[in-house]
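Everything below belongs to protein_29.csv, which stores CSV, C-alpha atoms and all ligand atoms.
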```
chain,number,residue,atom,x,y,z
Z,188,MET,CA,-96.6,-56.1,72.1
Z,189,SER,CA,-98.2,-58.0,69.3
Z,190,SER,CA,-98.0,-61.8,69.2
Z,191,ALA,CA,-96.2,-64.0,66.7
Z,192,VAL,CA,-99.0,-66.2,65.4
Z,193,ILE,CA,-98.2,-69.7,64.2
Z,194,SER,CA,-100.9,-71.8,62.6
Z,195,ILE,CA,-100.4,-75.6,62.6
Z,196,SER,CA,-102.4,-76.8,59.6
Z,197,ASN,CA,-103.0,-79.7,57.3
Z,198,GLN,CA,-106.3,-80.8,55.9
Z,199,LYS,CA,-105.1,-84.4,56.1
Z,200,GLY,CA,-105.9,-86.0,59.4
Z,201,GLY,CA,-103.4,-87.5,61.9
Z,202,THR,CA,-100.2,-85.9,60.6
Z,203,GLY,CA,-99.2,-84.6,64.0
Z,204,LYS,CA,-100.8,-81.1,64.2
Z,205,THR,CA,-101.8,-81.4,67.8
Z,206,THR,CA,-98.6,-83.1,68.8
Z,207,LEU,CA,-96.5,-80.4,67.2
Z,208,THR,CA,-98.7,-77.6,68.6
Z,209,MET,CA,-98.5,-78.8,72.2
Z,210,ASN,CA,-94.8,-79.5,72.2
Z,211,LEU,CA,-93.9,-76.3,70.4
Z,212,ALA,CA,-96.1,-74.4,72.9
Z,213,ALA,CA,-94.2,-75.9,75.8
Z,214,GLY,CA,-90.9,-75.0,74.1
Z,215,LEU,CA,-92.0,-71.5,73.3
Z,216,ALA,CA,-93.3,-70.9,76.8
Z,217,ARG,CA,-89.7,-71.0,78.0
Z,218,ARG,CA,-89.1,-67.9,75.8
Z,219,GLY,CA,-92.2,-65.9,76.3
Z,220,ARG,CA,-95.9,-66.0,77.3
Z,221,THR,CA,-97.6,-68.5,75.0
Z,222,LEU,CA,-101.2,-69.4,74.3
Z,223,VAL,CA,-102.6,-72.4,72.5
Z,224,VAL,CA,-105.9,-71.8,70.5
Z,225,ASP,CA,-107.7,-75.1,69.9
Z,226,ALA,CA,-109.6,-74.3,66.7
Z,227,ASP,CA,-110.4,-78.0,66.1
Z,228,PRO,CA,-113.9,-79.1,67.1
Z,229,GLN,CA,-112.4,-82.4,68.1
Z,230,GLY,CA,-110.9,-80.5,71.0
Z,231,SER,CA,-107.7,-82.6,71.2
Z,232,ALA,CA,-105.5,-79.8,72.5
Z,233,LEU,CA,-107.9,-79.0,75.3
Z,234,GLN,CA,-108.2,-82.7,76.1
Z,235,TRP,CA,-104.4,-83.0,76.1
Z,236,ALA,CA,-103.9,-80.2,78.6
Z,237,GLY,CA,-106.9,-81.5,80.6
Z,238,LEU,CA,-105.0,-84.8,81.3
Z,239,SER,CA,-102.2,-83.0,83.2
Z,240,SER,CA,-102.3,-83.0,86.9
Z,241,ASP,CA,-102.3,-80.1,89.4
Z,242,GLU,CA,-98.8,-81.1,90.6
Z,243,LYS,CA,-97.5,-81.1,87.0
Z,244,PRO,CA,-99.7,-78.8,85.0
Z,245,PHE,CA,-99.3,-78.2,81.3
Z,246,PRO,CA,-97.3,-75.0,81.1
Z,247,VAL,CA,-99.5,-73.2,78.6
Z,248,SER,CA,-103.2,-72.1,78.7
Z,249,VAL,CA,-105.3,-73.7,76.0
Z,250,ILE,CA,-108.5,-72.0,74.9
Z,251,ALA,CA,-111.1,-73.3,72.4
Z,252,VAL,CA,-112.2,-70.9,69.7
Z,253,ALA,CA,-115.0,-71.9,67.3
Z,254,ASP,CA,-115.9,-68.7,65.4
Z,255,ASN,CA,-114.4,-65.3,64.7
Z,256,LEU,CA,-110.8,-66.6,65.0
Z,257,GLY,CA,-109.3,-63.3,63.9
Z,258,ARG,CA,-111.2,-61.3,66.5
Z,259,GLU,CA,-110.7,-63.8,69.3
Z,260,VAL,CA,-106.9,-64.1,68.7
Z,261,GLY,CA,-106.7,-60.3,68.4
Z,262,ARG,CA,-108.0,-59.9,71.9
Z,263,PHE,CA,-105.0,-61.8,73.2
Z,264,ALA,CA,-102.4,-60.1,71.0
Z,265,GLU,CA,-101.3,-57.8,73.8
Z,266,ASP,CA,-100.9,-60.5,76.4
Z,267,TYR,CA,-99.0,-63.2,74.6
Z,268,GLN,CA,-95.8,-63.3,72.7
Z,269,TYR,CA,-96.6,-66.5,70.9
Z,270,VAL,CA,-100.0,-67.8,69.9
Z,271,LEU,CA,-100.3,-71.3,68.3
Z,272,ILE,CA,-103.4,-72.3,66.5
Z,273,ASP,CA,-104.2,-76.1,66.3
Z,274,CYS,CA,-106.3,-76.5,63.2
Z,275,PRO,CA,-108.9,-79.2,62.3
Z,276,PRO,CA,-108.0,-81.7,59.5
Z,277,THR,CA,-110.2,-80.0,56.9
Z,278,LEU,CA,-110.4,-77.3,54.4
Z,279,GLU,CA,-114.1,-77.6,54.1
Z,280,THR,CA,-114.8,-75.1,56.9
Z,281,GLU,CA,-113.3,-71.6,57.1
Z,282,VAL,CA,-111.1,-72.4,60.1
Z,283,THR,CA,-107.8,-73.3,58.4
Z,284,ARG,CA,-108.0,-70.3,56.1
Z,285,ALA,CA,-109.0,-68.0,58.9
Z,286,ALA,CA,-106.0,-69.1,60.9
Z,287,MET,CA,-103.7,-68.6,58.0
Z,288,ARG,CA,-105.1,-65.1,57.4
Z,289,ILE,CA,-104.0,-64.0,60.9
Z,290,ALA,CA,-100.8,-66.0,61.1
Z,291,ASP,CA,-97.2,-65.0,60.5
Z,292,THR,CA,-96.2,-68.6,59.9
Z,293,VAL,CA,-98.1,-71.8,58.9
Z,294,LEU,CA,-96.4,-75.1,59.8
Z,295,ILE,CA,-97.7,-78.1,57.9
Z,296,PRO,CA,-96.7,-81.4,59.5
Z,297,THR,CA,-96.6,-84.1,56.9
Z,298,LEU,CA,-96.0,-87.8,57.3
Z,299,PRO,CA,-93.0,-89.2,55.3
Z,300,SER,CA,-94.9,-90.7,52.4
Z,301,PRO,CA,-95.5,-89.2,49.0
Z,302,VAL,CA,-99.2,-89.9,49.4
Z,303,ASP,CA,-99.3,-87.6,52.4
Z,304,LEU,CA,-97.4,-84.9,50.6
Z,305,TRP,CA,-99.9,-85.1,47.6
Z,306,ALA,CA,-102.7,-84.6,50.1
Z,307,SER,CA,-101.1,-81.4,51.2
Z,308,LEU,CA,-101.3,-80.0,47.6
Z,309,ARG,CA,-104.7,-78.6,48.2
Z,310,LEU,CA,-103.4,-76.7,51.2
Z,311,ALA,CA,-100.7,-75.2,48.9
Z,312,ASN,CA,-103.5,-73.7,46.8
Z,313,ALA,CA,-105.3,-72.3,49.9
Z,314,ILE,CA,-102.0,-70.8,51.0
Z,315,GLU,CA,-101.6,-69.0,47.7
Z,316,GLU,CA,-105.1,-67.6,48.0
Z,317,VAL,CA,-104.5,-66.4,51.6
Z,318,LYS,CA,-101.2,-64.8,50.7
Z,319,LEU,CA,-103.1,-62.3,48.4
Z,320,ARG,CA,-104.6,-60.9,51.6
Z,321,ASN,CA,-101.8,-61.8,54.1
Z,322,PRO,CA,-98.6,-61.4,52.1
Z,323,ARG,CA,-96.4,-61.8,55.3
Z,324,LEU,CA,-97.5,-65.4,55.7
Z,325,ALA,CA,-94.5,-67.8,55.6
Z,326,ALA,CA,-95.4,-71.5,55.0
Z,327,TYR,CA,-93.2,-74.5,55.8
Z,328,ILE,CA,-93.7,-78.2,55.5
Z,329,LEU,CA,-92.4,-80.1,58.5
Z,330,VAL,CA,-91.8,-83.8,58.1
Z,331,ASN,CA,-93.1,-85.7,61.1
Z,332,GLN,CA,-92.6,-89.3,62.2
Z,333,LEU,CA,-89.4,-89.5,60.2
Z,334,GLU,CA,-87.6,-92.8,60.3
Z,335,PRO,CA,-84.1,-91.7,59.1
Z,336,ARG,CA,-83.1,-95.2,57.9
Z,337,SER,CA,-86.2,-96.0,55.9
Z,338,ALA,CA,-85.9,-95.7,52.2
Z,339,LEU,CA,-89.3,-94.0,52.1
Z,340,SER,CA,-88.1,-91.2,54.3
Z,341,GLN,CA,-85.2,-90.7,51.9
Z,342,GLY,CA,-87.5,-90.7,48.9
Z,343,MET,CA,-89.5,-88.1,50.7
Z,344,LYS,CA,-86.5,-85.7,50.5
Z,345,GLN,CA,-86.7,-85.7,46.7
Z,346,ALA,CA,-90.4,-85.4,46.7
Z,347,LEU,CA,-90.1,-82.3,48.9
Z,348,GLU,CA,-87.7,-80.6,46.6
Z,349,GLU,CA,-90.3,-80.7,43.9
Z,350,PHE,CA,-93.0,-79.2,46.1
Z,351,ASP,CA,-93.9,-75.5,46.1
Z,352,ILE,CA,-93.8,-75.0,49.8
Z,353,PRO,CA,-90.3,-75.1,51.4
Z,354,ALA,CA,-89.6,-77.7,54.0
Z,355,LEU,CA,-87.9,-77.0,57.3
Z,356,ASN,CA,-84.5,-78.6,57.7
Z,357,SER,CA,-85.6,-79.7,61.2
Z,358,HIS,CA,-88.1,-82.6,61.5
Z,359,LEU,CA,-89.6,-84.8,64.1
Z,360,ARG,CA,-88.6,-88.4,64.3
Z,361,ARG,CA,-91.1,-91.1,65.1
Z,362,ARG,CA,-90.7,-91.6,68.9
Z,363,ALA,CA,-92.9,-93.3,71.4
Z,364,ILE,CA,-92.1,-90.5,73.8
Z,365,TYR,CA,-94.4,-88.1,71.9
Z,366,ARG,CA,-97.3,-90.5,72.5
Z,367,ASN,CA,-96.3,-91.1,76.2
Z,368,ALA,CA,-96.2,-87.3,76.8
Z,369,ALA,CA,-99.7,-86.9,75.4
Z,370,LEU,CA,-101.0,-89.7,77.7
Z,371,GLU,CA,-99.8,-87.7,80.7
Z,372,GLY,CA,-101.0,-84.4,79.3
Z,373,LEU,CA,-97.4,-83.2,79.2
Z,374,SER,CA,-94.8,-82.1,76.7
Z,375,VAL,CA,-91.6,-84.0,75.9
Z,376,TYR,CA,-89.8,-81.3,78.0
Z,377,CYS,CA,-91.3,-82.9,81.2
Z,378,MET,CA,-90.4,-86.5,80.4
Z,379,GLY,CA,-86.9,-86.5,82.0
Z,380,LYS,CA,-83.9,-88.0,80.2
Z,381,ARG,CA,-86.2,-90.0,77.8
Z,382,GLY,CA,-87.7,-86.8,76.5
Z,383,GLU,CA,-84.4,-85.1,75.8
Z,384,PRO,CA,-83.8,-86.1,72.2
Z,385,ALA,CA,-87.4,-85.1,71.3
Z,386,ALA,CA,-87.1,-81.8,73.2
Z,387,ALA,CA,-84.0,-81.1,71.2
Z,388,GLU,CA,-86.0,-81.6,68.0
Z,389,ILE,CA,-88.6,-79.2,69.1
Z,390,ASP,CA,-86.0,-76.6,70.1
Z,391,ALA,CA,-84.4,-77.0,66.6
Z,392,ILE,CA,-87.8,-76.2,65.0
Z,393,ILE,CA,-88.3,-73.2,67.2
Z,394,GLU,CA,-84.8,-71.9,66.3
Z,395,GLU,CA,-85.5,-72.4,62.6
Z,396,VAL,CA,-88.9,-70.8,62.6
Z,397,LEU,CA,-88.1,-67.8,64.8
R,1,LIG,N1,-93.3,-87.9,66.0
R,1,LIG,C1,-94.2,-88.8,66.4
R,1,LIG,N2,-93.8,-90.0,66.9
R,1,LIG,C2,-94.7,-90.9,67.3
R,1,LIG,N3,-96.0,-90.7,67.3
R,1,LIG,C3,-96.5,-89.5,66.9
R,1,LIG,C4,-95.6,-88.5,66.4
R,1,LIG,N4,-96.4,-87.4,66.0
R,1,LIG,C5,-97.6,-87.8,66.2
R,1,LIG,N5,-97.7,-89.0,66.7
R,1,LIG,C6,-98.9,-89.8,67.0
R,1,LIG,O1,-99.7,-89.8,65.8
R,1,LIG,C7,-101.1,-89.7,66.1
R,1,LIG,C8,-101.7,-88.5,65.4
R,1,LIG,O2,-101.0,-87.3,65.9
R,1,LIG,P1,-101.9,-86.0,66.2
R,1,LIG,O3,-103.1,-86.3,66.9
R,1,LIG,O4,-100.9,-85.0,66.8
R,1,LIG,O5,-102.2,-85.6,64.7
R,1,LIG,P2,-103.3,-84.5,64.2
R,1,LIG,O6,-102.8,-84.0,62.9
R,1,LIG,O7,-103.5,-83.5,65.2
R,1,LIG,O8,-104.6,-85.3,64.0
R,1,LIG,P3,-106.1,-84.7,63.6
R,1,LIG,O9,-106.0,-84.5,62.1
R,1,LIG,O10,-107.0,-85.8,64.0
R,1,LIG,O11,-106.2,-83.5,64.4
R,1,LIG,C9,-101.2,-89.6,67.6
R,1,LIG,O12,-101.4,-90.9,68.2
R,1,LIG,C10,-99.8,-89.1,68.1
R,1,LIG,O13,-99.5,-89.5,69.4
R,2,MG,MG,-105.3,-82.7,66.0
```
Could I get this structure in the form of structure tokens?
Amino acid sequence: MSSAVISISNQKGGTGKTTLTMNLAAGLARRGRTLVVDADPQGSALQWAGLSSDEKPFPVSVIAVADNLGREVGRFAEDYQYVLIDCPPTLETEVTRAAMRIADTVLIPTLPSPVDLWASLRLANAIEEVKLRNPRLAAYILVNQLEPRSALSQGMKQALEEFDIPALNSHLRRRAIYRNAALEGLSVYCMGKRGEPAAAEIDAIIEEVL
């Protein structure tokens, strides 16, 4: 067995990479063995899982990898069906490119403002470079913290159409439950009824990506 590797990347900070990684991981774990690779020196994914309790543990193992991402992830390829890589918010180190070189898919969470989309343009260049060596890489923008009724979010749709990287149809709405789940070191799947709409969003992303 060889894993499906999904890199969650954006050189812009605070766009929802870790939130997406951890919730996707919990959703994917229902389908097959899943591993989270925390490739961000901030260590947010590790911290997140560390907040969970023994009674209610986070359902996915999280490992930190600083160097040799390709080799380290390769070691786990036989054991895991899905590997998610949470990247740091920078293109200045090799990590984001290294993750995309070994990934099948790169998901780029982007906040619903044109400024945030412009910031992702540099990532588009890096993706083109990486594709020369990893032509199977599929890249998708994923709009996070969408507020469907706001004019800005609607303007975002148009901006996305002019962007080189396709956007997923599914998105994440801005919901307090994503923050609450993080506070408990859990995913939205473990937050009872309150978590259900968010879990449905995560499931829709998984369906679309797989
Ligand atoms: N859909 C959402 N609804 C509400 N809050 C959200 C949502 N997505 C993310 N957040 C919150 O936004 C903040 C940034 O999210 P997160 O840490 O996942 O971003 P990041 O891209 O990993 O940041 P960094 O670049 O620092 O690694 C966090 O406080 C998180 O709880
Ligand atoms: Mg993060």
Contacts of Leu310 (chain Z) at 12 Å or less, counting all atoms listed in the file, minus same-chain residues fewer than 3 places along, as a PyMOL selection string? chain Z and resi 195-199+276-279+283-284+287+293-297+303-307+313-317+326-328+350-352
Write out as a Markdown table a residue-level contact list of chain Z versus ligand LIG 1 (chain R) with cut-off 10 Å: for each qualifying residue the closest pair of atoms and the distance in Å to one decimal, counting all atoms listed in the file, rows sorted by chain and residue number upward.
```
| residue | atom | partner | partner_atom | distance |
| --- | --- | --- | --- | --- |
| Z:Ile195 | CA | R:LIG1 | O6 | 8.7 |
| Z:Ser196 | CA | R:LIG1 | O6 | 7.9 |
| Z:Asn197 | CA | R:LIG1 | O6 | 7.1 |
| Z:Gln198 | CA | R:LIG1 | O9 | 7.2 |
| Z:Lys199 | CA | R:LIG1 | O9 | 6.1 |
| Z:Gly200 | CA | R:LIG1 | O9 | 3.1 |
| Z:Gly201 | CA | R:LIG1 | O8 | 3.3 |
| Z:Thr202 | CA | R:LIG1 | O6 | 4.0 |
| Z:Gly203 | CA | R:LIG1 | O5 | 3.2 |
| Z:Lys204 | CA | R:LIG1 | O7 | 3.7 |
| Z:Thr205 | CA | R:LIG1 | O7 | 3.7 |
| Z:Thr206 | CA | R:LIG1 | O4 | 3.6 |
| Z:Leu207 | CA | R:LIG1 | O4 | 6.4 |
| Z:Thr208 | CA | R:LIG1 | O4 | 7.9 |
| Z:Met209 | CA | R:LIG1 | O4 | 8.6 |
| Z:Asn210 | CA | R:LIG1 | O4 | 9.8 |
| Z:Asp227 | CA | R:LIG1 | O11 | 7.1 |
| Z:Pro228 | CA | R:LIG1 | O11 | 9.3 |
| Z:Gln229 | CA | R:LIG1 | O11 | 7.3 |
| Z:Gly230 | CA | R:LIG1 | O11 | 8.6 |
| Z:Ser231 | CA | R:LIG1 | O11 | 7.0 |
| Z:Ala232 | CA | R:LIG1 | O7 | 8.4 |
| Z:Trp235 | CA | R:LIG1 | O3 | 9.9 |
| Z:Asp273 | CA | R:LIG1 | O7 | 7.5 |
| Z:Cys274 | CA | R:LIG1 | O11 | 7.1 |
| Z:Pro275 | CA | R:LIG1 | O11 | 5.5 |
| Z:Pro276 | CA | R:LIG1 | O9 | 4.3 |
| Z:Thr277 | CA | R:LIG1 | O9 | 8.1 |
| Z:Ile295 | CA | R:LIG1 | O6 | 9.3 |
| Z:Pro296 | CA | R:LIG1 | O6 | 7.5 |
| Z:Thr297 | CA | R:LIG1 | O6 | 8.6 |
| Z:Leu298 | CA | R:LIG1 | N4 | 8.7 |
| Z:Val330 | CA | R:LIG1 | N1 | 9.0 |
| Z:Asn331 | CA | R:LIG1 | N1 | 5.4 |
| Z:Gln332 | CA | R:LIG1 | N1 | 4.1 |
| Z:Leu333 | CA | R:LIG1 | N1 | 7.2 |
| Z:Glu334 | CA | R:LIG1 | N1 | 9.4 |
| Z:His358 | CA | R:LIG1 | N1 | 8.7 |
| Z:Leu359 | CA | R:LIG1 | N1 | 5.2 |
| Z:Arg360 | CA | R:LIG1 | N1 | 5.0 |
| Z:Arg361 | CA | R:LIG1 | N2 | 3.4 |
| Z:Arg362 | CA | R:LIG1 | N2 | 4.0 |
| Z:Ala363 | CA | R:LIG1 | C2 | 5.1 |
| Z:Ile364 | CA | R:LIG1 | C2 | 7.0 |
| Z:Tyr365 | CA | R:LIG1 | N2 | 5.4 |
| Z:Arg366 | CA | R:LIG1 | O13 | 3.9 |
| Z:Asn367 | CA | R:LIG1 | O13 | 7.7 |
| Z:Ala368 | CA | R:LIG1 | O13 | 8.4 |
| Z:Ala369 | CA | R:LIG1 | O13 | 6.5 |
| Z:Leu370 | CA | R:LIG1 | O13 | 8.4 |
| Z:Ala385 | CA | R:LIG1 | N1 | 8.4 |
| Z:Glu388 | CA | R:LIG1 | N1 | 9.8 |
```
Interatomic distance (Å, one decimal) between CA of Glu281 (chain Z) and CA of Ile392 (chain Z): 27.1 Å
Return the single residue from Z:Val375, Z:Met343, Z:Val224, Z:Ala387 that is closest to ligand MG 2 (chain R), with distances computed using all atoms listed in the file. Z:Val224
Pick out the residues sitting within 8 Å of Glu395 (chain Z), and hand them over as a ChimeraX atom specification; count all atoms listed in the file, and ignore anything fewer than 6 positions along from it in its own chain. /Z:355-357
Work out how far CA of Asp390 (chain Z) is from CA of Phe263 (chain Z), in Å to one decimal. 24.3 Å
Between CA of Ser248 (chain Z) and CA of Ala236 (chain Z), what is the distance in Å, rounded to a tenth?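 CA of Ala236 (chain Z) lies at a distance of 8.1 Å from CA of Ser248 (chain Z).
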Name the residues in contact with region 290-292 of chain Z at a cut-off of 12 Å, using only C-alpha atoms, excluding same-chain residues fewer than 5 positions from it; report them as a PyMOL selection string. chain Z and resi 189-196+256-257+260-261+264+269-273+283-285+314+317-318+320-328+393+395-397
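Take the candidates Z:Pro384, Z:Ala354, Z:Leu329, Z:Asp225 and check each one against ligand MG 2 (chain R) using only C-alpha atoms and all ligand atoms; the shortest distance goes to Z:Asp225.
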With distances taken over only C-alpha atoms, which residue among Z:Leu238, Z:Cys377, Z:Leu308, Z:Val247 lies nearest Gly219 (chain Z)? Z:Val247
Could you check the closest approach to ligand MG 2 (chain R) for each of Z:Ala346, Z:Val249, Z:Ala216, Z:Ala226 and tell me which residue wins, using only C-alpha atoms and all ligand atoms?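 Closest to ligand MG 2 (chain R) of all the choices is Z:Ala226.
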Selected residue of minimal separation from Leu347 (chain Z) among Z:Ala251, Z:Pro246, Z:Leu373, Z:Pro299, counting all atoms listed in the file: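 Among the listed residues, Z:Pro299 lies closest to Leu347 (chain Z).
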